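In what follows, a structure is listed as structure tokens, so that the remarks can point back to it.
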There are 2 protein chains.
Amino acid sequence: MKQLRVVQIGASGHYEYALPTIKKYGFDLAAIAPGDVTEDLTGALKKIGKIGYAPKVYDDWRRMLDETSPDIAVINPYMAYNAEMSAYALSHGIHVFCEKPVATTFADLNMLKNAYDDINKENDVKFCGMFGIMYAPHFETALRCVSSGEIGNVRLVNAQKSYRLGTREMFYSSRELLGGTIPWVAIHAIDWIYRICDFKFKAVTAVHSTEANGGNGDLEATAIMLFEGENGTAASVSADYLRPSAAPTHDDDRIRIVGEKGILEVRGGQVYLISQNGERTLENTPPKYELFEEFAMSVCGEGECRVTAKETFDTTYIALVARQSADSGRKIGIDI
Amino acid sequence: MKQLRVVQIGASGHYEYALPTIKKYGFDLAAIAPGDVTEDLTGALKKIGKIGYAPKVYDDWRRMLDETSPDIAVINPYMAYNAEMSAYALSHGIHVFCEKPVATTFADLNMLKNAYDDINKENDVKFCGMFGIMYAPHFETALRCVSSGEIGNVRLVNAQKSYRLGTREMFYSSRELLGGTIPWVAIHAIDWIYRICDFKFKAVTAVHSTEANGGNGDLEATAIMLFEGENGTAASVSADYLRPSAAPTHDDDRIRIVGEKGILEVRGGQVYLISQNGERTLENTPPKYELFEEFAMSVCGEGECRVTAKETFDTTYIALVARQSADSGRKIGIDI
């Protein structure tokens with residue numbers, strides 16, 4: 001692969017998705033800038049140092065982008081800044097690997113989509129959200145199985161995100177900076193339903209609550225969403241931060257997909273399939289490439305990144321509509 | 001316990017809940033009548049014969065009740081007839097053990113509640129719905145654990161009913177006779193949430209669909225309900241008939257209860273608890289008495305049946321509101 005120059009803005013999300021590929025191909029991780037004056041890069045610089053890089057540290061992310069002219073910007077500041085920074089980078093012809101949600105308001109999402117569409121009228125500038133969980137072997141295995149048609153048409157889905165709350169940085173307490181638990185956490189489950197099930201989202205009714213959030217301000221500790229799809233299909237997403245600290249793992253990611261011909265379930269990192277041949281555990285097979293590797297290859301014209309800009313925009317939009325439903329107490333249509 | 005006289009109307013539900021107690025205490029199972037001319041009692045008479053009874057068979061359930069003056073009527077015809085028959089029996093001073101849903105329309109439910117209230121102004125006539133799954137050791141164990149306060153206040157619940165479709169009798173194809181999948185199947189999960197979690201149901205949004213129902217007419221093969229409770233609590237119920245015939249068991253009953261201090265889960269007949277002490281499997285402890293045994297004892301003035309008339313009416317009402325939401329596509333308030 002071509003030697004790409006990469007820069008990083010912020011360190012409040014999953015920039016670590018990019019590190020193995022950067023190291024593997026010897027990319028130039030040229031520079032890093034905080035997304036905000038309050039954002040501490042110490043931990044990130046230590047992790048980056050461990051793979052042998054010492055990027056130049058800028059105060060100003062715009063100046064960094066302008067001066068370094070990178071191929072790719074890895075963007076993960078406080079979530080509220082994702083859209084503005086991504087739009088700026090895209091408009092300057094820089095490919096963007098951005099934390100989800102890529103926008104925390106509908107206005108920002110539209111602004112970002114317009115920036116993406118505008119630059120791509122005469123250029124080919126890539127955009128990808130950090131939906132890295134989809135690349136875990138169990139979700140990859142689920143994707144392959146459902147895509148193969150083994151469970152038939154999907155009729156019903158139940159997905160779950162459950163996290164330990166732990167000690168959260170201050171910006172988690174701020175709806176304005178984080179965007180909320182539905183766009184930050186539940187969006188992964190929305191993405192599984194979108195990608196694995198090819199679910200056609202038509203409407204959502206959601207509930208969320210800041211009760212029992214351990215003093216984390218605006219942070220919703222619990223949420224449930226009911227999504228209505230085409231032709232009577234339905235999907236539920238449950239998300240919570242109430243997984244006890246003594247639980248064996250940080251997260252408890254699950255999806256149960258009920259098809260006309262079988263039921264597939266991801267639970268505890270395993271994939272269980274019940275079909276007309278009985279019940280069995282599928283062998284987990286990892287994807288050929290990691291998410292950022294696939295993205296970098298697509299930037300070099302070597303294949304396509306499976307997380308597309310459209311998927312990134314769509315799932316962000318769906319999450320924002322779900323949050324709006326929970327905020328307003330109303331069922332709201334989803335128009336993709 | 002006093003020697004009770006019991007009669008049975010219909011055999012389309014869970015009359016078998018009553019048989020072990022009838023045999024154990026040597027009750028007089030005096031008579032049986034079909035709930036409808038199309039209802040076949042052959043299988044029921046065989047099962048009843050196996051425990052040593054040969055009840056007199058009536059054509060007319062009213063005449064049977066009038067002539068035999070039983071202590072208890074076990075009522076499980078096609079579900080649409082539950083309310084009328086129960087109201088008749090209650091009005092004649094007969095204690096009623098009735099299949100759920102105890103009514104399939106709001107009008108019938110109100111009529112039944114009025115009959116119950118009227119007779120109980122000057123009498124003590126008992127009424128109990130067949131919520132027997134609550135008496136399975138794993139649900140009893142979950143009830144005890146949550147009631148003990150071990151997981152703290154409940155903030156979020158995910159419940160599941162999944163059944164093999166198999167070959168269904170004709171009345172399953174009829175909304176008018178069955179009442180639908182939400183009142184017939186999902187009502188169990190509603191009852192768990194009501195009883196185990198003491199959830200205060202305030203509103204519901206639901207989806208159901210007859211797609212993929214294997215040619216069973218009106219029968220909904222899939223449904224999801226989102227219930228909103230007090231103080232930002234939420235509960236989801238998923239119900240389906242798409243469990244493959246080759247699955248290891250007929251049903252896949254689950255509930256996951258997320259509290260402020262821990263998470264309890266019933267799955268595969270086991271109860272898993274994650275608390276501040278880590279994760280462990282609870283020892284399943286059966287209830288002291290079976291449901292019908294507890295009911296018969298309450299009829300004899302020996303203790304209380306934990307499934308109350310109020311619980312039976314409330315859960316039926318909640319299921320009917322959920323069905324109405326699914327039929328109408330609207331979020332609907334629940335006023336208990």
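Chain labels run A, B, ... following the order of the structure tokens; each chain numbers its residues from 1, and ligands are numbered from 1 in the order shown.
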query = DSSP on the backbone: what in stretch 71-300 of chain A comes out alpha helix (DSSP H), as JSON, numbers by chain?
reply = {"A": [82, 83, 84, 85, 86, 87, 88, 89, 90, 91, 106, 107, 108, 109, 110, 111, 112, 113, 114, 115, 116, 117, 118, 119, 137, 138, 139, 140, 141, 142, 143, 144, 145, 146, 147, 175, 176, 177, 178, 181, 187, 188, 189, 190, 191, 192, 193, 194, 195, 196, 291, 292, 293, 294, 295, 296, 297, 298, 299]}
request  = Excluding B:Ile182 and any residue of its chain fewer than 3 positions from it, enumerate the residues within 8 Å of it, using only C-alpha atoms, and give them as a ChimeraX atom specification.
outcome  = /B:185-187,223,239,319-320,322-323
key: At most 9 Å to chain A: residues in chain B, only C-alpha atoms, as a ChimeraX atom specification   = /B:155-158,205-213,221-228,231-238,240,242-248,258-263,274-279,330-331
Neighbouring residues of stretch 78-90 of chain A were defined as those with any atom within 8 Å, considering only C-alpha atoms; residues of the same chain fewer than 4 positions away were excluded. Please report them as an mmCIF file with N, CA and C atoms, in the first residue's frame.
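Dumped everything to result25.cif:
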data_model
loop_
_atom_site.group_PDB
_atom_site.id
_atom_site.type_symbol
_atom_site.label_atom_id
_atom_site.label_comp_id
_atom_site.auth_asym_id
_atom_site.auth_seq_id
_atom_site.Cartn_x
_atom_site.Cartn_y
_atom_site.Cartn_z
ATOM 1 N N GLY A 10 -7.886 15.064 18.394
ATOM 2 C CA GLY A 10 -8.561 14.594 19.599
ATOM 3 C C GLY A 10 -8.158 13.181 19.961
ATOM 4 N N SER A 12 -10.569 11.361 22.286
ATOM 5 C CA SER A 12 -11.682 11.018 23.169
ATOM 6 C C SER A 12 -12.492 9.833 22.658
ATOM 7 N N GLY A 13 -12.039 9.247 21.562
ATOM 8 C CA GLY A 13 -12.778 8.124 20.993
ATOM 9 C C GLY A 13 -11.848 6.969 20.674
ATOM 10 N N GLY A 35 -8.818 18.280 20.254
ATOM 11 C CA GLY A 35 -10.042 18.815 19.667
ATOM 12 C C GLY A 35 -10.560 20.011 20.440
ATOM 13 N N ASP A 36 -9.981 20.208 21.622
ATOM 14 C CA ASP A 36 -10.459 21.263 22.515
ATOM 15 C C ASP A 36 -9.337 21.532 23.511
ATOM 16 N N LEU A 65 -3.948 20.628 9.949
ATOM 17 C CA LEU A 65 -4.416 20.098 8.665
ATOM 18 C C LEU A 65 -3.815 20.901 7.512
ATOM 19 N N ALA A 73 -7.262 12.110 7.968
ATOM 20 C CA ALA A 73 -7.398 12.654 9.327
ATOM 21 C C ALA A 73 -8.217 11.665 10.155
ATOM 22 N N ILE A 94 -9.108 15.972 2.327
ATOM 23 C CA ILE A 94 -8.503 14.993 3.239
ATOM 24 C C ILE A 94 -9.525 13.892 3.548
ATOM 25 N N HIS A 95 -9.113 12.659 3.367
ATOM 26 C CA HIS A 95 -9.983 11.533 3.721
ATOM 27 C C HIS A 95 -10.152 11.491 5.235
ATOM 28 N N VAL A 96 -11.361 11.132 5.677
ATOM 29 C CA VAL A 96 -11.660 11.238 7.113
ATOM 30 C C VAL A 96 -12.145 9.916 7.703
ATOM 31 N N CYS A 98 -13.687 9.022 11.111
ATOM 32 C CA CYS A 98 -14.270 9.829 12.190
ATOM 33 C C CYS A 98 -15.028 8.983 13.211
ATOM 34 N N GLU A 99 -14.906 9.339 14.466
ATOM 35 C CA GLU A 99 -15.684 8.697 15.533
ATOM 36 C C GLU A 99 -17.178 8.887 15.279
ATOM 37 N N LYS A 100 -17.966 7.907 15.753
ATOM 38 C CA LYS A 100 -19.414 8.070 15.719
ATOM 39 C C LYS A 100 -19.881 8.607 17.064
ATOM 40 N N PRO A 101 -20.971 9.316 17.132
ATOM 41 C CA PRO A 101 -21.755 9.812 16.005
ATOM 42 C C PRO A 101 -20.968 10.904 15.264
ATOM 43 N N VAL A 102 -21.050 10.922 13.957
ATOM 44 C CA VAL A 102 -20.259 11.904 13.202
ATOM 45 C C VAL A 102 -20.867 13.299 13.295
ATOM 46 N N ALA A 103 -22.070 13.368 13.861
ATOM 47 C CA ALA A 103 -22.680 14.667 14.166
ATOM 48 C C ALA A 103 -23.608 14.458 15.355
ATOM 49 N N THR A 104 -23.792 15.497 16.142
ATOM 50 C CA THR A 104 -24.664 15.363 17.322
ATOM 51 C C THR A 104 -25.940 16.192 17.190
ATOM 52 N N ASP A 108 -25.844 19.887 12.104
ATOM 53 C CA ASP A 108 -24.450 19.522 11.848
ATOM 54 C C ASP A 108 -24.357 18.350 10.868
ATOM 55 N N LEU A 109 -25.270 17.404 10.995
ATOM 56 C CA LEU A 109 -25.238 16.257 10.095
ATOM 57 C C LEU A 109 -25.490 16.700 8.654
ATOM 58 N N MET A 111 -24.958 19.681 7.414
ATOM 59 C CA MET A 111 -23.782 20.455 7.002
ATOM 60 C C MET A 111 -22.669 19.505 6.550
ATOM 61 N N LEU A 112 -22.454 18.453 7.329
ATOM 62 C CA LEU A 112 -21.390 17.496 7.014
ATOM 63 C C LEU A 112 -21.689 16.743 5.710
ATOM 64 N N ALA A 115 -21.003 18.953 2.842
ATOM 65 C CA ALA A 115 -19.559 19.097 2.605
ATOM 66 C C ALA A 115 -19.028 17.870 1.870
ATOM 67 N N TYR A 116 -19.481 16.701 2.300
ATOM 68 C CA TYR A 116 -19.054 15.453 1.658
ATOM 69 C C TYR A 116 -19.520 15.409 0.202
ATOM 70 N N ILE A 119 -17.550 18.082 -2.099
ATOM 71 C CA ILE A 119 -16.173 17.756 -2.481
ATOM 72 C C ILE A 119 -16.148 16.572 -3.440
ATOM 73 N N VAL A 125 -13.140 11.791 -2.246
ATOM 74 C CA VAL A 125 -12.655 11.939 -0.865
ATOM 75 C C VAL A 125 -13.496 11.031 0.026
ATOM 76 N N LYS A 126 -12.813 10.141 0.742
ATOM 77 C CA LYS A 126 -13.499 9.089 1.502
ATOM 78 C C LYS A 126 -13.876 9.552 2.901
ATOM 79 N N PHE A 127 -14.935 8.955 3.389
ATOM 80 C CA PHE A 127 -15.403 9.248 4.742
ATOM 81 C C PHE A 127 -15.900 7.954 5.374
ATOM 82 N N PHE A 171 -16.702 15.229 29.862
ATOM 83 C CA PHE A 171 -17.582 15.535 28.716
ATOM 84 C C PHE A 171 -18.730 14.539 28.591
ATOM 85 N N GLU A 176 -24.431 18.352 25.371
ATOM 86 C CA GLU A 176 -23.937 19.192 24.286
ATOM 87 C C GLU A 176 -22.631 18.643 23.711
ATOM 88 N N LEU A 177 -21.763 18.121 24.555
ATOM 89 C CA LEU A 177 -20.465 17.640 24.068
ATOM 90 C C LEU A 177 -20.518 16.188 23.590
ATOM 91 N N LEU A 178 -21.277 15.334 24.298
ATOM 92 C CA LEU A 178 -21.304 13.904 23.974
ATOM 93 C C LEU A 178 -22.367 13.566 22.934
ATOM 94 N N GLY A 179 -23.512 14.224 23.060
ATOM 95 C CA GLY A 179 -24.620 13.902 22.164
ATOM 96 C C GLY A 179 -25.637 12.979 22.805
#
query = Neighbours of A:Ala30 within 12 Å (only C-alpha atoms; same-chain residues fewer than 6 positions away dropped), as a list in words?
reply = Gln3, Leu4, Arg5, Val6, Val7, Gln8, Ile9, Ile22, Ile48, Tyr53, Ala54, Pro55, Lys56, Val57, Tyr58, Met64, Leu65, Glu67, Thr68, Ser69, Pro70, Asp71, Ile72, Ala73 and Val74 of chain A
request  = Name the residues of stretch 66-200 of chain A that come out as strand (DSSP E) in a backbone DSSP run; write them as an NGL selection string.
outcome  = :A and (72-75 or 95-98 or 127-129 or 154-164)
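Using only C-alpha atoms, the shortest contact distance between A:Asp218 and any of A:Ala136, A:Val146, A:Val321, A:Met170 is found at A:Met170.
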message = From the options A:His92, A:His14, A:Lys50, A:Lys24, which residue's atoms come nearest to A:Tyr289, counting only C-alpha atoms?
response = A:Lys24
Using only C-alpha atoms: which of A:Asn76, A:Ile32, A:Thr285, A:Lys161 has the shortest distance to A:His250 =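 Going through A:Asn76, A:Ile32, A:Thr285, A:Lys161 one by one, the smallest distance to A:His250 is for A:Lys161.
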key: Pick from A:Asp327, A:Asp335, A:Asp28, A:Glu311 nearest to A:Ile190, counting only C-alpha atoms   =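 Checking each candidate against A:Ile190, we get A:Glu311 as the closest.
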